[in-house]
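**Student:** Quick one: structure below, then a few questions.
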Amino acid sequence: MQCLSCLLLLAAGHGMLSAASWPEAGYRVNGRFYAQLPDTLQIPAPVKELSLEMPLHAGRGVTYAFRMAPIDTGWIPVTYPAIRYETLKKGLYSLQFRVLDASGKVLDTRVFVIRKEAAFWHAWWFIPLLTVYVLVVVGVGIYIFSLYNIRQKLKLQYLRNQIASDLHDEVGSNLNSIALFVELLRKNASPETLPILDRIISNSRESVELMQDTVWAINPRNDSFQKLVDKMHSFVTQALAARGIVLEFQSDTDLGDLTLSMEQRKNIYLIFKETVNNAVKHAGATRVIVGLKRLDDAFFMKIEDDGKGFDTTREYEGNGIFNLRKRAEESGLDLLVHSRPGNGTRVEVLCHP
């Protein structure tokens, strides 16, 4: 049953309201005066309560009773012709009002039709319309986000192309010029300055190679994992062939769909290159084994040689091991270096895309 509250108006002697407080004629609905009530009294949807005051009956000693169908199951007696419902739900109601004399005889009966309008969110079409609206808003939001994401990727790709082109053209040209000028100076240099000039030439060439590797990593055309595998295979084949070192290169066939960031690709390749160079230049190796594997969604790389090895607990001149660890830390790679004097070296890298 709908929650309601009926205001029972007591006699003037009880100190609440006097007869003079009520209209001598007309009706008052929720504080609004009506000379005559319409056939159907409309209660707007935002209004939750119903307060109805009717004119006093001219008879003496009369009482009143009302019943609101379908809310009330019986007649409710009141002293004055006024009722109040605090909560009125949507729907059609029939309010019956009686005037009774002192003996309980019915002197007059009035019937009023009351329609409580439904809020628009209670309409049958509201939920479907709201659902369509939400779907449209979500769809437009996804479209705008996707469009923005595509534009950002295109902008980033253009920037990467521009940087790669500038590095290759400007920086590469300057470094090659430095090496060429130093080579010319070397022909007429004194024996004391030759080591310095040789060091400048070596550093310039290393800088050119590092710049070329960076340009390769930045270039969007090399974003696929297979391009990285091909570059690693090409480098190690040429480096080992020049020294007559045997190569065993093993690569899983399902590496192509792995996706690495630009920084991860660059640092994996530089770790690979540094390790191969160490095996070729310092380890005195006769065999190098390279293994590239896929472990679930991770990439695992192992480079092993049969060279002279070294003590991993000691510190050595140069930046070889330091560079490996620094590059691994930059890209969140797991790096392990296993080596003992006389037992070769094994470098393992685990990368989670």
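By order of appearance in the structure tokens: chains A, B, ..., then residues from 1 within every chain, and ligands from 1 in the order shown.
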If DSSP is run on the backbone, what residues of region 47-231 of chain A are strand (DSSP E or B)? A reply as a PyMOL selection string would be ideal.
**Tutor:** chain A and resi 50-53+63-69+76-78+82-85+91-100+106-116
**Student:** Nearest residue to Arg314 (chain A) out of A:Arg340, A:Phe300, A:Lys231, A:Ser331, using only C-alpha atoms?
**Tutor:**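 Of the candidates, the smallest distance to Arg314 (chain A) is held by A:Arg340.
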**Student:** Please give the complete set of residues from region 32-271 of chain A that DSSP, run on the backbone, assigns to alpha helix (DSSP H), formatted as a PyMOL selection string.
**Tutor:** chain A and resi 126-166+172-187+194-218+225-241+262-271
**Student:** Save the residues we just selected, C-alpha atoms, as an mmCIF file, in the first residue's frame?
**Tutor:**
```cif
data_model
loop_
_atom_site.group_PDB
_atom_site.id
_atom_site.type_symbol
_atom_site.label_atom_id
_atom_site.label_comp_id
_atom_site.auth_asym_id
_atom_site.auth_seq_id
_atom_site.Cartn_x
_atom_site.Cartn_y
_atom_site.Cartn_z
ATOM 1 C CA PHE A 126 12.819 6.207 -21.356
ATOM 2 C CA ILE A 127 15.133 3.215 -20.690
ATOM 3 C CA PRO A 128 15.474 2.270 -24.409
ATOM 4 C CA LEU A 129 16.096 5.904 -25.314
ATOM 5 C CA LEU A 130 18.634 6.289 -22.489
ATOM 6 C CA THR A 131 20.371 3.106 -23.622
ATOM 7 C CA VAL A 132 20.600 4.374 -27.195
ATOM 8 C CA TYR A 133 21.886 7.717 -25.953
ATOM 9 C CA VAL A 134 24.601 6.091 -23.808
ATOM 10 C CA LEU A 135 25.643 3.839 -26.695
ATOM 11 C CA VAL A 136 25.859 6.828 -29.030
ATOM 12 C CA VAL A 137 27.908 8.831 -26.510
ATOM 13 C CA VAL A 138 30.240 5.879 -25.891
ATOM 14 C CA GLY A 139 30.546 5.228 -29.617
ATOM 15 C CA VAL A 140 31.356 8.871 -30.359
ATOM 16 C CA GLY A 141 33.862 8.881 -27.490
ATOM 17 C CA ILE A 142 35.582 5.761 -28.814
ATOM 18 C CA TYR A 143 35.642 7.208 -32.324
ATOM 19 C CA ILE A 144 37.152 10.504 -31.155
ATOM 20 C CA PHE A 145 39.734 8.702 -29.015
ATOM 21 C CA SER A 146 40.649 6.357 -31.884
ATOM 22 C CA LEU A 147 40.942 9.265 -34.299
ATOM 23 C CA TYR A 148 43.129 11.159 -31.832
ATOM 24 C CA ASN A 149 45.264 8.060 -31.248
ATOM 25 C CA ILE A 150 45.751 7.525 -34.980
ATOM 26 C CA ARG A 151 46.732 11.163 -35.482
ATOM 27 C CA GLN A 152 49.221 10.963 -32.614
ATOM 28 C CA LYS A 153 50.755 7.818 -34.089
ATOM 29 C CA LEU A 154 51.050 9.452 -37.506
ATOM 30 C CA LYS A 155 52.604 12.527 -35.927
ATOM 31 C CA LEU A 156 55.066 10.364 -33.983
ATOM 32 C CA GLN A 157 55.896 8.366 -37.100
ATOM 33 C CA TYR A 158 56.585 11.554 -39.024
ATOM 34 C CA LEU A 159 58.795 12.805 -36.191
ATOM 35 C CA ARG A 160 60.721 9.543 -36.091
ATOM 36 C CA ASN A 161 61.293 9.695 -39.843
ATOM 37 C CA GLN A 162 62.497 13.270 -39.544
ATOM 38 C CA ILE A 163 64.890 12.490 -36.697
ATOM 39 C CA ALA A 164 66.250 9.442 -38.492
ATOM 40 C CA SER A 165 66.815 11.482 -41.644
ATOM 41 C CA ASP A 166 68.526 14.330 -39.764
ATOM 42 C CA GLY A 172 76.660 10.959 -39.883
ATOM 43 C CA SER A 173 78.187 13.344 -42.376
ATOM 44 C CA ASN A 174 79.979 15.317 -39.645
ATOM 45 C CA LEU A 175 81.382 12.204 -37.979
ATOM 46 C CA ASN A 176 82.631 10.826 -41.280
ATOM 47 C CA SER A 177 84.239 14.203 -42.031
ATOM 48 C CA ILE A 178 86.036 14.135 -38.687
ATOM 49 C CA ALA A 179 87.398 10.660 -39.368
ATOM 50 C CA LEU A 180 88.509 11.737 -42.871
ATOM 51 C CA PHE A 181 90.279 14.880 -41.632
ATOM 52 C CA VAL A 182 92.054 12.976 -38.882
ATOM 53 C CA GLU A 183 93.150 10.371 -41.419
ATOM 54 C CA LEU A 184 94.715 13.154 -43.508
ATOM 55 C CA LEU A 185 96.466 14.589 -40.441
ATOM 56 C CA ARG A 186 97.790 11.148 -39.580
ATOM 57 C CA LYS A 187 99.937 11.027 -42.722
ATOM 58 C CA LEU A 194 99.687 8.882 -33.805
ATOM 59 C CA PRO A 195 98.030 7.027 -30.867
ATOM 60 C CA ILE A 196 95.843 10.053 -30.169
ATOM 61 C CA LEU A 197 94.806 10.344 -33.803
ATOM 62 C CA ASP A 198 94.131 6.605 -33.984
ATOM 63 C CA ARG A 199 91.909 6.908 -30.913
ATOM 64 C CA ILE A 200 90.003 9.797 -32.511
ATOM 65 C CA ILE A 201 89.479 7.776 -35.677
ATOM 66 C CA SER A 202 88.321 4.737 -33.684
ATOM 67 C CA ASN A 203 85.910 6.787 -31.579
ATOM 68 C CA SER A 204 84.527 8.498 -34.678
ATOM 69 C CA ARG A 205 83.864 5.177 -36.369
ATOM 70 C CA GLU A 206 82.220 3.775 -33.253
ATOM 71 C CA SER A 207 80.058 6.894 -33.041
ATOM 72 C CA VAL A 208 79.049 6.469 -36.681
ATOM 73 C CA GLU A 209 78.076 2.844 -36.041
ATOM 74 C CA LEU A 210 76.089 3.796 -32.914
ATOM 75 C CA MET A 211 74.365 6.568 -34.824
ATOM 76 C CA GLN A 212 73.492 4.149 -37.640
ATOM 77 C CA ASP A 213 72.079 1.649 -35.140
ATOM 78 C CA THR A 214 70.010 4.414 -33.508
ATOM 79 C CA VAL A 215 68.720 5.597 -36.884
ATOM 80 C CA TRP A 216 67.759 2.023 -37.724
ATOM 81 C CA ALA A 217 65.817 1.667 -34.447
ATOM 82 C CA ILE A 218 64.030 5.019 -34.890
ATOM 83 C CA PHE A 225 60.457 -8.074 -34.899
ATOM 84 C CA GLN A 226 61.560 -9.961 -37.985
ATOM 85 C CA LYS A 227 63.587 -6.917 -39.094
ATOM 86 C CA LEU A 228 65.429 -7.084 -35.768
ATOM 87 C CA VAL A 229 66.174 -10.802 -36.220
ATOM 88 C CA ASP A 230 67.411 -10.212 -39.766
ATOM 89 C CA LYS A 231 69.718 -7.386 -38.658
ATOM 90 C CA MET A 232 71.169 -9.456 -35.815
ATOM 91 C CA HIS A 233 71.799 -12.385 -38.147
ATOM 92 C CA SER A 234 73.434 -10.160 -40.757
ATOM 93 C CA PHE A 235 75.740 -8.512 -38.225
ATOM 94 C CA VAL A 236 76.895 -11.663 -36.446
ATOM 95 C CA THR A 237 77.455 -13.480 -39.765
ATOM 96 C CA GLN A 238 79.740 -10.728 -41.089
ATOM 97 C CA ALA A 239 81.564 -10.179 -37.784
ATOM 98 C CA LEU A 240 82.372 -13.868 -37.264
ATOM 99 C CA ALA A 241 83.168 -14.627 -40.904
ATOM 100 C CA MET A 262 61.550 1.248 -30.083
ATOM 101 C CA GLU A 263 63.792 1.504 -27.005
ATOM 102 C CA GLN A 264 63.615 -2.248 -26.350
ATOM 103 C CA ARG A 265 64.562 -3.071 -29.955
ATOM 104 C CA LYS A 266 67.474 -0.663 -29.855
ATOM 105 C CA ASN A 267 68.891 -1.888 -26.548
ATOM 106 C CA ILE A 268 68.424 -5.579 -27.359
ATOM 107 C CA TYR A 269 70.334 -5.076 -30.579
ATOM 108 C CA LEU A 270 73.110 -3.060 -28.897
ATOM 109 C CA ILE A 271 73.470 -5.693 -26.154
#
```
